Each structure stands twice: as structure tokens, then as C-alpha cells.
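This report concerns only the one structure given below.
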Number of protein chains: 2
Amino acid sequence: MITKISGGVTAAKGFFAACTAAGIKYKGRTDMAMVYSEAPCVTAGTYTKNVVKAAPVLWDRELTDGDKLVQAVVINAGIANACTGEEGFGYCRQTSDAAKKALKLNGTEVLVASTGVIGKQLPIDRIVAGTEALAGKLDSSIEAGTAASKAIMTTDTQNKEIAFTFEVGGKTCTLGGMCKGSGMIHPNMCTMLGFLTTDCLIDKKLMLKALREDIEDTFNMVSVDGDTSTNDSVMLLSNGLAGNPVINDENSEEYKTFKEALRGVTLYMAKNIAADGEGATKLFEVKVVNAADVKKAKILALSVIKSSLTKAAVYGNDANVGRIMCALGYSGVDFDPYNVDITISSENGKSQLVSNGVPTDFDEELATKILSGKEVTALCDMKEGSAEATAWGCDLTYDYVKINADYRS
Amino acid sequence: MITKISGGVTAAKGFFAACTAAGIKYKGRTDMAMVYSEAPCVTAGTYTKNVVKAAPVLWDRELTDGDKLVQAVVINAGIANACTGEEGFGYCRQTSDAAKKALKLNGTEVLVASTGVIGKQLPIDRIVAGTEALAGKLDSSIEAGTAASKAIMTTDTQNKEIAFTFEVGGKTCTLGGMCKGSGMIHPNMCTMLGFLTTDCLIDKKLMLKALREDIEDTFNMVSVDGDTSTNDSVMLLSNGLAGNPVINDENSEEYKTFKEALRGVTLYMAKNIAADGEGATKLFEVKVVNAADVKKAKILALSVIKSSLTKAAVYGNDANVGRIMCALGYSGVDFDPYNVDITISSENGKSQLVSNGVPTDFDEELATKILSGKEVTALCDMKEGSAEATAWGCDLTYDYVKINADYRS
């Protein structure tokens, strides 16, 4: 059993956060954050599959794949430090060095993360000064975590944080985190940065296994615009301060509970990244049920969630269900079109639009009302097997174009 | 050698066209067209790979894959006759029967094609009446071909037609055609209908081979929005009236010339479909050179042409070249990012934006001027091998969203 509590990245015992306005790109707002643990952490990380990997991705992957313990993460918004060559990679080292010095770390490491424009070099002097400022402002309050979650936003309209508690061996553990992501969001890790912290003691390999399995059904089922970023990273830090007996058996109830808490956090993040997609007016969820197998169910769900035409119709509250049929059809999965049922639902009601591949005589007015909801679901019943998958995205709006037609200036 | 001439679907000897306003969906414009050959034609067809195939696709594929001769094509705009089950397929038969009767065909067949809204049944009485009207208005003039190319438009802003002549065995042959396509345009056949006519006598198998190979480098390298339609069809009809010795050797000069004429027609169509993409303000061309192999070059080019973020930046005349690097990176093709050069060009100039994976210190003002051209090309030099590929698309604009947010009404 897991219980939702307030807070995010500072919810777990021993974690601190801070933010500052370093003046990297944005004016009049914070743009750097630090997460710090008073005890050394084991880590797990998953990163973008884009061949063009930002410098921080290369930096962090080496650290989280290795055995070194980590005590802090330094994050900046505004510039992604991607396509920046050796110079950019050197800035990761300089940032880490500045943090180690300011935090007086003794043998533990520092992760770095960046989000923003690709192909610009970081203003390293400001980053170093910002890092030093962050080290002096660390705070374990919920508010400090919330403030950090705001500092890492780019085109996000809302900060995103959540936390859960759960019991392991009689001890209360906490797993929480913050994330950002709004554009350049697509499976294989979104343009998203996720920072998860827990005080639960768990074997590093099991933690990585849990994270890797989890993101396949959460972050990797989100698509805002089909663009897989150069910077996507989700990192999970565990300092073990909850005092629980270590979780090291993947068949144990405790591991199951840990995974449940992890899923609680990542599912919330995935849905909220989708709902906060650039220019989005609503969350669009596509659920494929009774597919032949899970892989096919995922491909079908992602094909619909990515369809520009479907997304534009969802924006216009237009029950153009032919576009959903069409997107299922070009997914690459073979199926019998005359077997498919499609039902849409939202907080405003429910209506079956397609029966056995052919549109029903549905009530257009009701369909429009359903589509005008804040959370719209399209349920596609393939009637072929028993596998299912869910994908999350958003509508395609004027504002998406507006935001992205001149993002750099 | 091939020579461009005026005209389109009626340019080749013995071909006639007609159009009429059948009142299917649009008001105050023509929405049905017929193409007719005074002599029976051998045919070749290529169709959408979407699992959800519109009724006319099923109808036509059976005919063009078989040995029966064809003498006419009946086309309607407004309703796609897709997701319409057996009822929809029956309407293909009824339309064909009506045409056969009105044209007094004796043993030859009639192809049908539809484009428009998915999931609505055709108003078959109007279609039949329209077919009868078309049969009475057939005309072999250039103007009749042009009028037909206008009748098949949906959200297209321009009609699209072209023709070339070429010599085979001392005889002048002609190959021309018309097409439509604007939204739901994506590789594996666009939401596009293409009708190609020739008087050149050619073996049916060779004609199909030529068409299949050709579309891989032309229509299948176009993407407006990543949505592969249920109705995509390209049909080529040959009536042999040029009187040339039959082309039946794939190693002959004559076959090479035929392919050259075919490429002239389809390349023009592909580029013009891209440039006339829904809401587009410009043609965007992505050329990948020096890739490891052709397959990889195509995947890389298509990945960039499909990137919503790149398309939005092209619309905003914003030289956000990091998005091009990013889109190459998530294509699925492995390459060394620090090997890539990117140069943009248009009628307004040329500028190298990336050198060995890192942005150059390019002139922003010049880059904006180049991007504000009508035909913008991004040249991506992978410096890995000698293969190349070109893809065509357009920018992503407010108007794309506007057109598609409420397409059905």
C-alpha cells in the first residue's frame, strides 16, 4: 500500500533542495536548482536514446552506471548543453567541481542536468556562481522542493512534483520527485528531466531494474510532439535513511511495494507532462485493450497519441474518429479493422463512436461535449487478445506552433 | 531526353477528362472527375500500406493487380469511402456499373477513387448521377484535364498537373497526370491520389516495376503531417496509342527514358504536394548526403522532415539547427554526431549552420533571410559514405491546426 503525501524532491528523509536566479536565459525567474542528500546515495538513471546526447547525459550516465556514490544534482534551465562538443562536456566537470567544493563533498559525486536550447554553450561563469549560491541555500522543507521544481521549468506552465510513503520492514519509506517537460516530448524518454529521491534502502541493481521497467509504461508512453530530446534523463537517488532492511530480492513483497510507489510517482509525472504539453488545452489518453500482445498494444496506442490530425481534431472538439481508425491502421501493427470498437470518454460523459470498424450513429453534440473535457480518453478495443497499453499526450493547438516558431529568442 | 509540355491527365493521346459539381460535400465547386481513354488501358497501381484501407483501394487494387483492361476512372472529393464496410464497397461497384453503362463499355473496367472525410457513407444517388453527367462531358482538351485536376482537390490550395513527352522507337510518347494531396500526407503513400496517363505502349509488369521503384524516391519521401491515409493511390494507365514498339526490356534505353518521364511527373507532384501541405507557407526540403547507405539516408531525411519542432522553427524563420541535429539523432540510425555538417539554402542564399556537430558562428540575420524563402533546403552531410536521399515537406503553421481542428464541418 502506498500513500500520497505533500511535497516532492525533499519529501524523503535527508534530502534538501535550493534554487536561484542565475541569469542563464530567462529574466526575472529562478533557473537553477540543486538537490542534495546529507547521506551518500546509490543511483539509477535512464537516458535518451537519441544518438545526439547532450553533455550532461554522457556525464550522468557514466556516474549512475558505475559504483560511485552521489550526493547532489545541479540543474539549469535555458540552455541544454547539447551539440556542444568537448567544451560542453568540460562544463559538466566544472559545474560538478564547483558543487563538490561548495558542498565540501568528500569522495562522493555530483550529477548535472540541463534543459533548453540546443547548440549553445553554457555561460559557465554564471553556472559556477549559481552553483555556489545554491550550496548556501539548501533547505529540507517541502517549500524548498517546490521552489526547485519551478526553477527547472522551461515552457512548462506548471511545476510538477509528487511523493508517496510506503512501509518496508516496519519502517516508513518515502519516494518523491520533481520533473519538467513540455515540448520535444516523445517516447524513448521525453524532453524531460525527472529527479526522484527516496530514503528507502534498496540494492542498486534492483533499483535500476525497477526504474527501467517502470519508464516503459510511463514516461516512454508519453508523446507531445514526436520529438525525442537530446537531454532526457530520469535519475533516482536513494540514501537509505529510512532505516529499512535493504530490499534485495526481486520476488519480495517489499520490492513490489517499492515498485508501486515508483509507479505512483512516475505515472503522475507522465500524465502531467502530457497534460502540460506545449500549447495543450487538455490531456489526451489513448487506451488500447484486448490487443494481441503488449508490444502491439503499445505501438497502436502511441500511433494514435502521435497523430497530428487526431490531436488537431481533439483540440477542435471534433469527433473525427476516422482519424483514430486511420492512425491505428498505419501503426505498423496488423489487425482486422472490422473488429475494432472505439469509445471516447471524459468527465463529461462517454460515447461509442465506432462499432466493428464502422462509425456508429453517435450523437455529435454529446461527442463534442465529451471532447471538450479536460481529460479525454479514447478506448480502442481490438477484440483480438487480452493485452493492453495506455499512452498519454495532448491536443495540437495554435499555441504549440506559436511557442515553437521562435523558441530561441 | 524528356520534354515538359503543357497539360496533365489529357496530354497523352486518346485520353479525355470531365468534371462536375455533384454536391457531395462542398458547395459551389466541382467535386467529381472522370478520366477516360478511347482505347483500353493496361494499368499499374500502388496503394496505401495503412491496414485500414478505404473501399476504393480494395476495389482498384484487385483490378490493377489483375489482367483486365481499364477504360475509365471515376473520382470524388469530400468523402473518402473509408471505414464504410460492405456498404461502402458496394458503392464502388455501383459507381463502376453506372460508368460502364453511361460509357457503353464492352468488357473493360472502371477504377474509382475517393478522398475526404473518413467514416461517412457516400451519397450514392448523387455519385451515380454525377457519373452519368461526367460521361456526357468528356473532352480531350488541356483545359478539361485542368478542370478535372481542380475537381479532385480537398484542402489543396492549388491544382497539380504536369506532362512530359519522350521518344520511343521514333514515335513521340506522352506521360502526364494530375494529383491531389495536402493533409494526411506521409510516406507509404500520402493522402494523395495520383492519376497518370500515357500513350506509350509498355509491358504491364515493367510498368508496375517502374511505378513501384519510382514512388520510393518521390511520393514516399513526402511528409506533411506524419499521417498515412486510408486512401492513398497512384494509378498509371497506358493505352499504347503512341504507336511505339512495346517497351518490354528493362535493360533497354527506352525503358530508361520511360522511367525518366515518370520521374519527371512524380517528382513534380511530390514536391508540389509538400509545398501545398495544409497551412504551409513554404516547401521544406531535407537532403542527406554522404550517408552510409541509401536506407539510412532516407530514414535520416524523413526524420527531419517529420519533426514538428523543426517544422515550427522553419515556419518562424528561426535557425534552430539544434532541432535538426536532434531529429537526425532520434531517427534510429546510428552515426557520429560530431561528424555532421548542416547547411541551409533557399533562393535567398546559403549558410553553413553546423560544422562537425557543433553550431558555427553563423550570421543570424542571413539565416533568417534564407529561411524566409519559398523553397528552403537543409543539407545534412553525414561524412560517412556516399549514399544520399531527399525528403520533402513543409512548415507547421497556425493554419494547419485551424484547418484540422474542425475539418468535418
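How things are named: the first chain in the C-alpha cells is A, the next is B, and so on; residues count from 1 in each chain; ligands count from 1 in the order shown.
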Would you kindly report the residues of chain B within 8 Å of chain A, using only C-alpha atoms, as a PyMOL selection string? chain B and resi 49-52+82-85+117-120+184+225-230+307-309+312-318+320-323+325-338+357-359+396-398+401-402+404-408
Excluding Val294 of chain B and any residue of its chain fewer than 2 positions from it, enumerate the residues within 8 Å of it, using only C-alpha atoms, and give them as a VMD selection string. chain B and resid 291 to 292 296 to 298 387 to 389
Per DSSP on the backbone, what are the strand (DSSP E or B) residues of segment 4-82 of chain A, as JSON, numbers by chain? {"A": [4, 5, 15, 16, 17, 18, 19, 20, 32, 33, 34, 35, 36, 37, 38, 39, 40, 41, 42, 43, 44, 45, 46, 47, 70, 71, 72, 73, 74, 75, 76, 77, 78, 79]}
Near-Asn159 of chain B list (8 Å; only C-alpha atoms; drop same-chain fewer than 5 positions) as a ChimeraX atom specification: /B:146,149-150,153,178-180
Mind writing the picked residues with C-alpha atoms as a PDB file, in the first residue's frame?
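Below is the file that was written, result-v6.pdb:
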ATOM      1  CA  THR B 146      -7.007  21.098 -65.783  1.00  0.00           C
ATOM      2  CA  SER B 149      -7.445  18.355 -61.535  1.00  0.00           C
ATOM      3  CA  LYS B 150      -9.368  21.097 -59.741  1.00  0.00           C
ATOM      4  CA  MET B 153      -8.947  18.913 -54.607  1.00  0.00           C
ATOM      5  CA  MET B 178      -2.886  15.028 -62.068  1.00  0.00           C
ATOM      6  CA  CYS B 179      -2.812  14.538 -58.347  1.00  0.00           C
ATOM      7  CA  LYS B 180      -4.234  15.924 -55.130  1.00  0.00           C
TER       8      LYS B 180
END
From a backbone DSSP assignment, name each residue in segment 30-201 of chain B labelled helix (DSSP H, G or I), as a count of residues only. 52
Distance in Å - atom CA of Leu138 of chain A versus atom CA of Ala11 of chain A: 13.9 Å
List the spatial neighbours of Lys374 of chain A as a list of chain:residue names - criterion: any atom at most 10 Å away, only C-alpha atoms, same-chain residues fewer than 6 positions off excluded.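 Here the answer would be A:Ala275, A:Thr281, A:Lys282, A:Leu283, A:Phe284, A:Ser346, A:Glu347, A:Asn348.
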Please identify all polymer residues within 7 Å of Thr266 of chain A, counting only C-alpha atoms, omitting same-chain residues fewer than 4 positions from it, and present them as a PyMOL selection string. chain A and resi 218+262+270
Expected file contents, prior selection, all heavy atoms, as a short mmCIF file (atom, residue, chain, number, x, y, z; two decimals), in the first residue's frame:
data_model
loop_
_atom_site.label_atom_id
_atom_site.label_comp_id
_atom_site.auth_asym_id
_atom_site.auth_seq_id
_atom_site.Cartn_x
_atom_site.Cartn_y
_atom_site.Cartn_z
N THR A 218 5.42 4.29 -18.47
CA THR A 218 5.03 5.64 -18.01
C THR A 218 5.66 6.70 -18.92
O THR A 218 5.04 7.08 -19.91
CB THR A 218 5.44 5.83 -16.53
OG1 THR A 218 6.84 5.55 -16.39
CG2 THR A 218 4.64 4.91 -15.64
N LEU A 262 7.08 3.78 -6.85
CA LEU A 262 7.75 4.35 -8.03
C LEU A 262 6.73 4.63 -9.13
O LEU A 262 6.72 5.70 -9.75
CB LEU A 262 8.82 3.36 -8.52
CG LEU A 262 9.66 3.79 -9.71
CD1 LEU A 262 10.46 5.04 -9.41
CD2 LEU A 262 10.61 2.65 -10.12
N ALA A 270 4.19 11.41 -15.73
CA ALA A 270 3.95 11.18 -17.16
C ALA A 270 2.66 11.87 -17.60
O ALA A 270 2.63 12.58 -18.61
CB ALA A 270 3.88 9.69 -17.44
#
Please list as a list in words every residue within 9 Å of Leu379 of chain B, counting only C-alpha atoms and excluding residues in the same chain fewer than 4 positions away. Glu285, Val286, Lys287, Val288, Val289, Asp341, Ile342, Thr343, Ile344 and Ser345 of chain B
Contacts of Ile142 of chain A within 9 Å, only C-alpha atoms, excl. fewer than 2 positions in-chain, as a VMD selection string: chain A and resid 6 to 11 139 to 140 144 to 147
Coordinates-based distance that separates atom CA of Asn239 of chain A from atom CA of Leu105 of chain A (Å, one decimal):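 Atom CA of Asn239 of chain A lies at a distance of 15.0 Å from atom CA of Leu105 of chain A.
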